[in-house]
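Colleague: Got a structure for you, upload-v8.cif, holding mmCIF, C-alpha atoms.
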```cif
data_coords
loop_
_atom_site.label_atom_id
_atom_site.label_comp_id
_atom_site.auth_asym_id
_atom_site.auth_seq_id
_atom_site.Cartn_x
_atom_site.Cartn_y
_atom_site.Cartn_z
CA MET A 1 31.60 -69.87 -59.71
CA LYS A 2 31.20 -66.11 -59.81
CA GLU A 3 32.15 -64.49 -56.50
CA ILE A 4 30.26 -61.95 -54.45
CA TRP A 5 31.88 -58.85 -52.94
CA TRP A 6 33.49 -59.69 -49.61
CA GLU A 7 35.71 -57.57 -47.35
CA THR A 8 37.47 -58.66 -44.17
CA LYS A 9 38.59 -56.22 -41.48
CA GLY A 10 39.19 -56.15 -37.74
CA GLU A 11 41.55 -57.72 -35.24
CA GLY A 12 39.36 -59.95 -33.07
CA ASP A 13 39.88 -63.69 -32.56
CA ARG A 14 36.24 -64.44 -33.41
CA HIS A 15 34.94 -64.25 -36.97
CA LEU A 16 31.66 -62.37 -37.51
CA VAL A 17 29.87 -62.41 -40.88
CA LEU A 18 27.39 -59.54 -41.38
CA LEU A 19 24.49 -59.96 -43.85
CA HIS A 20 22.42 -56.89 -44.78
CA GLY A 21 18.72 -56.59 -45.56
CA TRP A 22 16.57 -56.17 -48.68
CA GLY A 23 17.61 -53.36 -51.04
CA LEU A 24 20.74 -52.52 -49.02
CA ASN A 25 24.44 -53.46 -49.03
CA ALA A 26 27.32 -53.84 -46.57
CA GLN A 27 27.74 -50.05 -46.23
CA VAL A 28 24.83 -50.17 -43.80
CA TRP A 29 27.18 -51.56 -41.12
CA ASP A 30 29.59 -48.60 -41.24
CA CYS A 31 28.14 -47.12 -38.03
CA ILE A 32 29.12 -50.15 -35.91
CA VAL A 33 32.31 -51.39 -37.62
CA PRO A 34 34.58 -49.14 -35.46
CA GLN A 35 33.13 -50.62 -32.26
CA LEU A 36 33.17 -54.24 -33.42
CA ARG A 37 36.53 -54.47 -35.17
CA SER A 38 38.51 -54.82 -31.93
CA GLN A 39 36.33 -57.74 -30.79
CA PHE A 40 35.85 -59.57 -34.09
CA THR A 41 37.39 -60.23 -37.46
CA LEU A 42 34.53 -58.80 -39.51
CA HIS A 43 33.34 -60.17 -42.83
CA LEU A 44 31.33 -57.57 -44.74
CA VAL A 45 29.27 -59.02 -47.57
CA ASP A 46 27.11 -57.67 -50.38
CA LEU A 47 24.48 -60.35 -50.98
CA PRO A 48 24.24 -61.73 -54.55
CA GLY A 49 22.80 -59.07 -56.85
CA TYR A 50 23.16 -56.26 -54.30
CA GLY A 51 25.69 -53.42 -54.15
CA ARG A 52 29.09 -54.54 -55.44
CA SER A 53 27.85 -58.12 -56.02
CA GLY A 54 26.11 -57.27 -59.28
CA GLY A 55 25.59 -59.65 -62.16
CA PHE A 56 23.71 -62.31 -60.21
CA PRO A 57 20.16 -63.34 -61.09
CA ALA A 58 17.31 -63.46 -58.58
CA MET A 59 17.90 -66.42 -56.26
CA SER A 60 15.94 -68.64 -53.92
CA LEU A 61 16.82 -68.51 -50.22
CA GLN A 62 18.74 -71.78 -50.51
CA GLU A 63 20.71 -70.57 -53.56
CA MET A 64 21.61 -67.32 -51.81
CA ALA A 65 22.79 -69.20 -48.72
CA GLN A 66 24.98 -71.55 -50.79
CA THR A 67 26.51 -68.66 -52.76
CA VAL A 68 27.47 -66.79 -49.58
CA LEU A 69 28.70 -69.94 -47.83
CA ALA A 70 31.10 -70.66 -50.71
CA GLN A 71 33.32 -67.71 -49.66
CA ALA A 72 32.82 -67.87 -45.91
CA PRO A 73 35.37 -68.67 -43.20
CA GLN A 74 35.29 -72.25 -41.92
CA ARG A 75 33.62 -71.19 -38.67
CA ALA A 76 32.04 -67.89 -37.64
CA VAL A 77 29.28 -66.11 -35.82
CA TRP A 78 26.65 -65.29 -38.47
CA LEU A 79 24.58 -62.13 -38.07
CA GLY A 80 21.74 -61.31 -40.45
CA TRP A 81 19.47 -58.28 -40.49
CA SER A 82 15.92 -58.55 -41.86
CA LEU A 83 16.19 -60.53 -45.14
CA GLY A 84 19.81 -61.23 -44.16
CA GLY A 85 18.45 -62.94 -41.04
CA LEU A 86 16.69 -65.48 -43.24
CA VAL A 87 19.91 -66.05 -45.22
CA ALA A 88 21.97 -66.48 -42.03
CA SER A 89 19.32 -68.83 -40.63
CA GLN A 90 19.34 -70.92 -43.80
CA ILE A 91 23.14 -71.14 -43.57
CA ALA A 92 22.86 -72.34 -39.96
CA LEU A 93 20.44 -75.05 -41.13
CA THR A 94 22.55 -75.98 -44.19
CA ALA A 95 26.00 -76.02 -42.56
CA PRO A 96 25.61 -76.02 -38.76
CA SER A 97 29.23 -77.04 -38.17
CA ARG A 98 30.36 -73.75 -39.72
CA VAL A 99 28.14 -71.55 -37.53
CA SER A 100 29.44 -71.04 -33.99
CA ALA A 101 26.45 -68.80 -33.19
CA LEU A 102 23.48 -67.31 -35.04
CA VAL A 103 22.29 -63.74 -34.52
CA THR A 104 19.17 -62.42 -36.24
CA VAL A 105 18.36 -58.70 -36.15
CA ALA A 106 14.84 -57.34 -36.76
CA SER A 107 14.15 -60.54 -38.62
CA SER A 108 11.40 -63.14 -38.66
CA PRO A 109 11.45 -66.78 -39.69
CA CYS A 110 8.13 -66.01 -41.41
CA PHE A 111 7.71 -62.37 -42.51
CA SER A 112 4.22 -62.85 -43.97
CA ALA A 113 1.24 -62.51 -41.66
CA GLN A 114 -0.67 -65.77 -41.29
CA GLU A 115 -3.43 -67.07 -39.09
CA ALA A 116 -2.35 -66.49 -35.47
CA TRP A 117 1.02 -65.22 -36.71
CA PRO A 118 1.81 -61.46 -36.82
CA GLY A 119 3.74 -60.16 -39.79
CA ILE A 120 3.54 -58.13 -42.99
CA LYS A 121 0.29 -58.60 -44.87
CA PRO A 122 1.00 -60.54 -48.08
CA GLU A 123 -0.85 -57.91 -50.11
CA VAL A 124 1.60 -55.26 -48.83
CA LEU A 125 4.56 -57.28 -50.12
CA ALA A 126 2.69 -57.93 -53.37
CA GLY A 127 2.11 -54.16 -53.64
CA PHE A 128 5.83 -53.50 -53.32
CA GLN A 129 6.47 -56.09 -56.04
CA HIS A 130 4.01 -54.34 -58.34
CA GLN A 131 5.51 -50.91 -57.62
CA LEU A 132 9.00 -52.19 -58.43
CA SER A 133 7.99 -52.58 -62.06
CA GLU A 134 7.00 -48.90 -62.20
CA ASP A 135 9.63 -47.06 -60.13
CA PHE A 136 11.95 -49.31 -58.17
CA GLN A 137 14.12 -46.53 -56.69
CA ARG A 138 11.09 -44.83 -55.17
CA THR A 139 9.80 -48.20 -53.95
CA VAL A 140 13.09 -48.94 -52.18
CA GLU A 141 13.10 -45.47 -50.59
CA ARG A 142 9.55 -45.99 -49.34
CA PHE A 143 10.54 -49.34 -47.84
CA LEU A 144 13.53 -47.70 -46.11
CA ALA A 145 11.30 -44.99 -44.63
CA LEU A 146 9.08 -47.70 -43.08
CA GLN A 147 12.11 -49.12 -41.27
CA THR A 148 12.71 -46.09 -39.05
CA LEU A 149 9.15 -44.94 -38.30
CA GLY A 150 8.53 -44.00 -34.68
CA THR A 151 12.12 -43.62 -33.49
CA GLU A 152 13.41 -40.37 -32.01
CA THR A 153 16.04 -40.20 -34.75
CA ALA A 154 13.78 -41.45 -37.58
CA ARG A 155 14.73 -38.82 -40.17
CA GLN A 156 18.46 -39.14 -39.49
CA ASP A 157 18.29 -42.97 -39.49
CA ALA A 158 16.36 -43.04 -42.78
CA ARG A 159 18.95 -40.73 -44.31
CA ARG A 160 21.75 -43.12 -43.28
CA LEU A 161 19.95 -46.05 -44.87
CA LYS A 162 19.32 -44.06 -48.04
CA GLU A 163 22.99 -43.01 -48.20
CA ALA A 164 24.02 -46.68 -47.98
CA VAL A 165 21.71 -47.54 -50.88
CA LEU A 166 22.71 -44.63 -53.09
CA SER A 167 26.46 -44.98 -52.43
CA LEU A 168 26.60 -48.11 -54.60
CA PRO A 169 24.85 -49.46 -57.71
CA MET A 170 21.18 -50.21 -57.10
CA PRO A 171 20.08 -53.84 -57.40
CA GLY A 172 18.04 -54.61 -60.50
CA ALA A 173 14.27 -54.99 -60.30
CA GLU A 174 14.56 -58.77 -60.82
CA VAL A 175 16.83 -59.19 -57.78
CA LEU A 176 14.67 -56.92 -55.62
CA ASN A 177 11.56 -58.79 -56.71
CA GLY A 178 13.24 -62.09 -55.85
CA GLY A 179 14.08 -60.78 -52.38
CA LEU A 180 10.47 -59.77 -51.80
CA GLU A 181 9.38 -63.23 -52.94
CA ILE A 182 11.61 -64.77 -50.24
CA LEU A 183 10.10 -62.43 -47.62
CA LYS A 184 6.62 -63.38 -48.83
CA THR A 185 7.07 -67.16 -48.90
CA ALA A 186 9.84 -68.26 -46.50
CA ASP A 187 8.83 -70.03 -43.28
CA LEU A 188 11.65 -71.39 -41.12
CA ARG A 189 9.75 -71.50 -37.82
CA THR A 190 9.76 -75.28 -37.45
CA ALA A 191 13.17 -75.89 -39.02
CA LEU A 192 14.98 -73.50 -36.65
CA SER A 193 13.57 -75.18 -33.54
CA SER A 194 16.20 -77.92 -34.03
CA LEU A 195 19.25 -75.61 -33.92
CA GLN A 196 21.87 -76.56 -31.35
CA MET A 197 24.25 -73.59 -31.55
CA PRO A 198 23.78 -70.37 -29.47
CA PHE A 199 21.01 -68.32 -31.05
CA LEU A 200 20.46 -64.63 -30.24
CA ARG A 201 17.48 -62.65 -31.58
CA LEU A 202 17.53 -58.84 -31.48
CA TYR A 203 14.40 -56.72 -32.03
CA GLY A 204 13.16 -53.13 -32.04
CA HIS A 205 10.10 -52.43 -29.89
CA LEU A 206 8.79 -49.98 -32.51
CA ASP A 207 9.45 -52.18 -35.56
CA GLY A 208 6.56 -51.96 -38.02
CA LEU A 209 7.88 -54.77 -40.26
CA VAL A 210 8.68 -57.41 -37.65
CA PRO A 211 6.02 -57.00 -34.92
CA ARG A 212 7.22 -57.45 -31.36
CA LYS A 213 4.26 -59.81 -30.82
CA ILE A 214 6.31 -62.56 -32.47
CA VAL A 215 8.98 -62.40 -29.73
CA PRO A 216 7.10 -64.35 -27.01
CA LEU A 217 5.80 -66.78 -29.66
CA LEU A 218 9.37 -67.55 -30.73
CA ASP A 219 10.58 -67.64 -27.11
CA SER A 220 8.17 -70.57 -26.65
CA LEU A 221 8.90 -72.20 -30.00
CA TRP A 222 12.68 -71.83 -29.66
CA PRO A 223 13.50 -72.19 -25.93
CA GLN A 224 17.17 -72.69 -26.84
CA SER A 225 17.38 -69.09 -28.13
CA LYS A 226 17.64 -65.75 -26.34
CA SER A 227 15.77 -62.56 -27.30
CA VAL A 228 16.53 -58.90 -26.63
CA ILE A 229 14.15 -56.03 -27.44
CA PHE A 230 15.55 -52.50 -27.76
CA PRO A 231 12.79 -50.27 -26.28
CA LYS A 232 13.14 -47.20 -28.53
CA ALA A 233 14.38 -48.85 -31.71
CA ALA A 234 12.52 -49.78 -34.89
CA HIS A 235 13.72 -51.99 -37.77
CA ALA A 236 17.38 -50.85 -37.72
CA PRO A 237 18.50 -50.92 -34.05
CA PHE A 238 22.20 -50.97 -34.97
CA ILE A 239 21.75 -47.54 -36.58
CA SER A 240 19.50 -45.89 -33.97
CA HIS A 241 21.14 -47.46 -30.90
CA PRO A 242 24.65 -48.62 -31.91
CA ASP A 243 26.10 -48.73 -28.38
CA ALA A 244 23.33 -50.89 -26.92
CA PHE A 245 23.39 -53.06 -30.03
CA CYS A 246 27.14 -53.73 -29.85
CA GLU A 247 26.89 -54.39 -26.11
CA ALA A 248 24.21 -57.04 -26.70
CA LEU A 249 26.25 -58.61 -29.48
CA ALA A 250 29.48 -58.69 -27.47
CA ALA A 251 27.73 -60.69 -24.76
CA ILE A 252 26.82 -63.59 -27.05
CA ASN A 253 27.99 -66.86 -25.65
CA HIS A 254 29.32 -69.38 -28.16
CA PRO A 255 31.84 -72.20 -28.22
CA ALA A 256 35.39 -71.32 -29.23
#
```
Could you take the file, read its structure, and then write that structure out as structure tokens?

Modeller:
Amino acid sequence: MKEIWWETKGEGDRHLVLLHGWGLNAQVWDCIVPQLRSQFTLHLVDLPGYGRSGGFPAMSLQEMAQTVLAQAPQRAVWLGWSLGGLVASQIALTAPSRVSALVTVASSPCFSAQEAWPGIKPEVLAGFQHQLSEDFQRTVERFLALQTLGTETARQDARRLKEAVLSLPMPGAEVLNGGLEILKTADLRTALSSLQMPFLRLYGHLDGLVPRKIVPLLDSLWPQSKSVIFPKAAHAPFISHPDAFCEALAAINHPA
């Protein structure tokens, strides 16, 4: 089986796998690696088709989870941001014995807005899919700009995200389109209610892609999980508020 790009660094006893979001790559974690490497052995991953993991076709959520799991440590804390949160969640459902704790960041088990469920309007995601066929670099940049709207450091944060994208090969339109299809169709709300491992959910109060209105809904649906909302953050709290983010992450309680 073809392997994805995977880098391990850090000195901590606990293993932490970091999964990035749509259009990005593992460079996006650079701002928090220095703070986390003393607490964790970090596993930095470029998802299949993204960054240095080129040459993969578009995949379903289950296929992506299996591909990542094939190179993973036997047991780790899994952290996924945005689309990566869905991948990490699918891994927790597929191989629970290998997940000591699950952390989702600015992620939703169901990104698409539905009746009585806040989210991204399906036509917005369909619009991004259409735009990809015309100018996918501009489409990705527009999506990145949406992720930092409203924060005090919005321009600086957007620049960091853009630098992470442009520092490595861009994913192909097929892979990006496949990722949007996952965001449009995935719904893990019911499945994740059965999780037994510690489950931490981190959100930005100003997030325009994952509305904070879903937080109390998921608190009720998943009473076994814990949620934290960063008051002045948007869709990338680890970039805008790295200290608070790492503090919240360090406090996660999970079995040895």

Colleague: Go through the shown structure with the PyMOL selection byres ((chain A and resi 122) around 12) and write out the matching residues as a PyMOL selection string.

Modeller: chain A and resi 110-115+118-121+123-129+180-186+209

Colleague: In Å, rounded to a single decimal, give me how far CA of Met59 in chain A is from CA of Glu163 in chain A.

Modeller: 25.3 Å

Colleague: Given only C-alpha atoms as the basis, pick out the residue of A:Val17, A:Leu176, A:Ala65, A:Leu86 nearest to Thr139 in chain A.

Modeller: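 For Thr139 in chain A, the nearest of the given residues is A:Leu176.
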
Colleague: To test your reading of the syntax: which residues would the PyMOL selection byres ((chain A and resi 6) around 12) return for the file shown? Reply as a PyMOL selection string.

Modeller: chain A and resi 3-5+7-9+17-19+25-27+42-48+50-53+67-73

Colleague: Applied to the shown file, which residues does the PyMOL selection byres ((chain A and resi 246) around 12) return, written as a compact mmCIF listing (two decimals) with C-alpha atoms, in the coordinates of the input?

Modeller:
```txt
# COMPACT_ATOMS: atom_id res chain seq x y z
CA TRP A 29 27.18 -51.56 -41.12
CA CYS A 31 28.14 -47.12 -38.03
CA ILE A 32 29.12 -50.15 -35.91
CA VAL A 33 32.31 -51.39 -37.62
CA PRO A 34 34.58 -49.14 -35.46
CA GLN A 35 33.13 -50.62 -32.26
CA LEU A 36 33.17 -54.24 -33.42
CA ARG A 37 36.53 -54.47 -35.17
CA SER A 38 38.51 -54.82 -31.93
CA GLN A 39 36.33 -57.74 -30.79
CA PHE A 40 35.85 -59.57 -34.09
CA VAL A 105 18.36 -58.70 -36.15
CA LEU A 202 17.53 -58.84 -31.48
CA PHE A 230 15.55 -52.50 -27.76
CA PRO A 237 18.50 -50.92 -34.05
CA PHE A 238 22.20 -50.97 -34.97
CA ILE A 239 21.75 -47.54 -36.58
CA SER A 240 19.50 -45.89 -33.97
CA HIS A 241 21.14 -47.46 -30.90
CA PRO A 242 24.65 -48.62 -31.91
CA ASP A 243 26.10 -48.73 -28.38
CA ALA A 244 23.33 -50.89 -26.92
CA PHE A 245 23.39 -53.06 -30.03
CA GLU A 247 26.89 -54.39 -26.11
CA ALA A 248 24.21 -57.04 -26.70
CA LEU A 249 26.25 -58.61 -29.48
CA ALA A 250 29.48 -58.69 -27.47
CA ALA A 251 27.73 -60.69 -24.76
CA ILE A 252 26.82 -63.59 -27.05
```

Colleague: Can you work out which one of A:Gly179, A:Gly84, A:Gly55, A:Pro198 has the shortest atom-to-atom distance to Val99 in chain A, counting only C-alpha atoms?

Modeller: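 Using only C-alpha atoms, Val99 in chain A sits closest to A:Pro198.
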
Colleague: Quote the spacing between CA of Phe136 in chain A and CA of Ala173 in chain A in Å to one decimal place.

Modeller: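 Result for CA of Phe136 in chain A versus CA of Ala173 in chain A: 6.5 Å, one decimal.
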
Colleague: So how far away is CA of Ser220 in chain A from CA of Arg201 in chain A, in Å?

Modeller: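 Computing the Euclidean distance for CA of Arg201 in chain A and CA of Ser220 in chain A yields 13.2 Å.
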
Colleague: Each residue of range 27-142 of chain A lying at most 12 Å from range 148-152 of chain A should get a row with its shortest atom-to-atom pair and the distance in Å to one decimal, counting all atoms listed in the file; could you produce that, ordered by chain and increasing number, as a Markdown table?

Modeller:
```
| residue | atom | partner | partner_atom | distance |
| --- | --- | --- | --- | --- |
| A:Ala106 | CA | A:Thr148 | CA | 11.7 |
| A:Glu141 | CA | A:Thr148 | CA | 11.6 |
| A:Arg142 | CA | A:Thr148 | CA | 10.8 |
```

Colleague: Counting only C-alpha atoms, which residue out of A:Ala236, A:Gly23, A:Pro109, A:Arg160 sits closest to Leu192 in chain A?

Modeller: A:Pro109

Colleague: A:Ala164, A:Leu218, A:Val175, A:Leu146: which is nearest Leu206 in chain A, counting all atoms listed in the file?

Modeller: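 So, comparing all the options, the nearest one is A:Leu146.
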
Colleague: Given the choices A:Gly85, A:Gly178, A:Lys162, A:Gly80, which gets closest to Ser60 in chain A if the distance is worked out from all atoms listed in the file?

Modeller: A:Gly178

Colleague: Need the neighbours of (22.6, -76.5, -41.8): which residues are at most 12 Å away, counting all atoms listed in the file, as a list in words?

Modeller: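 Returned residue set, sorted by chain then number, is Gln62, Ala65, Gln66, Leu69, Val87, Ala88, Ser89, Gln90, Ile91, Ala92, Leu93, Thr94, Ala95, Pro96, Ser97, Arg98, Val99, Ser100, Leu102, Ala191, Leu192, Ser194, Leu195, Gln196 and Met197 of chain A.
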
Colleague: Pick out the residues sitting within 6 Å of Gly204 in chain A, and hand them over as a ChimeraX atom specification; count all atoms listed in the file, and ignore anything fewer than 5 positions along from it in its own chain.

Modeller: /A:229-230,233-235
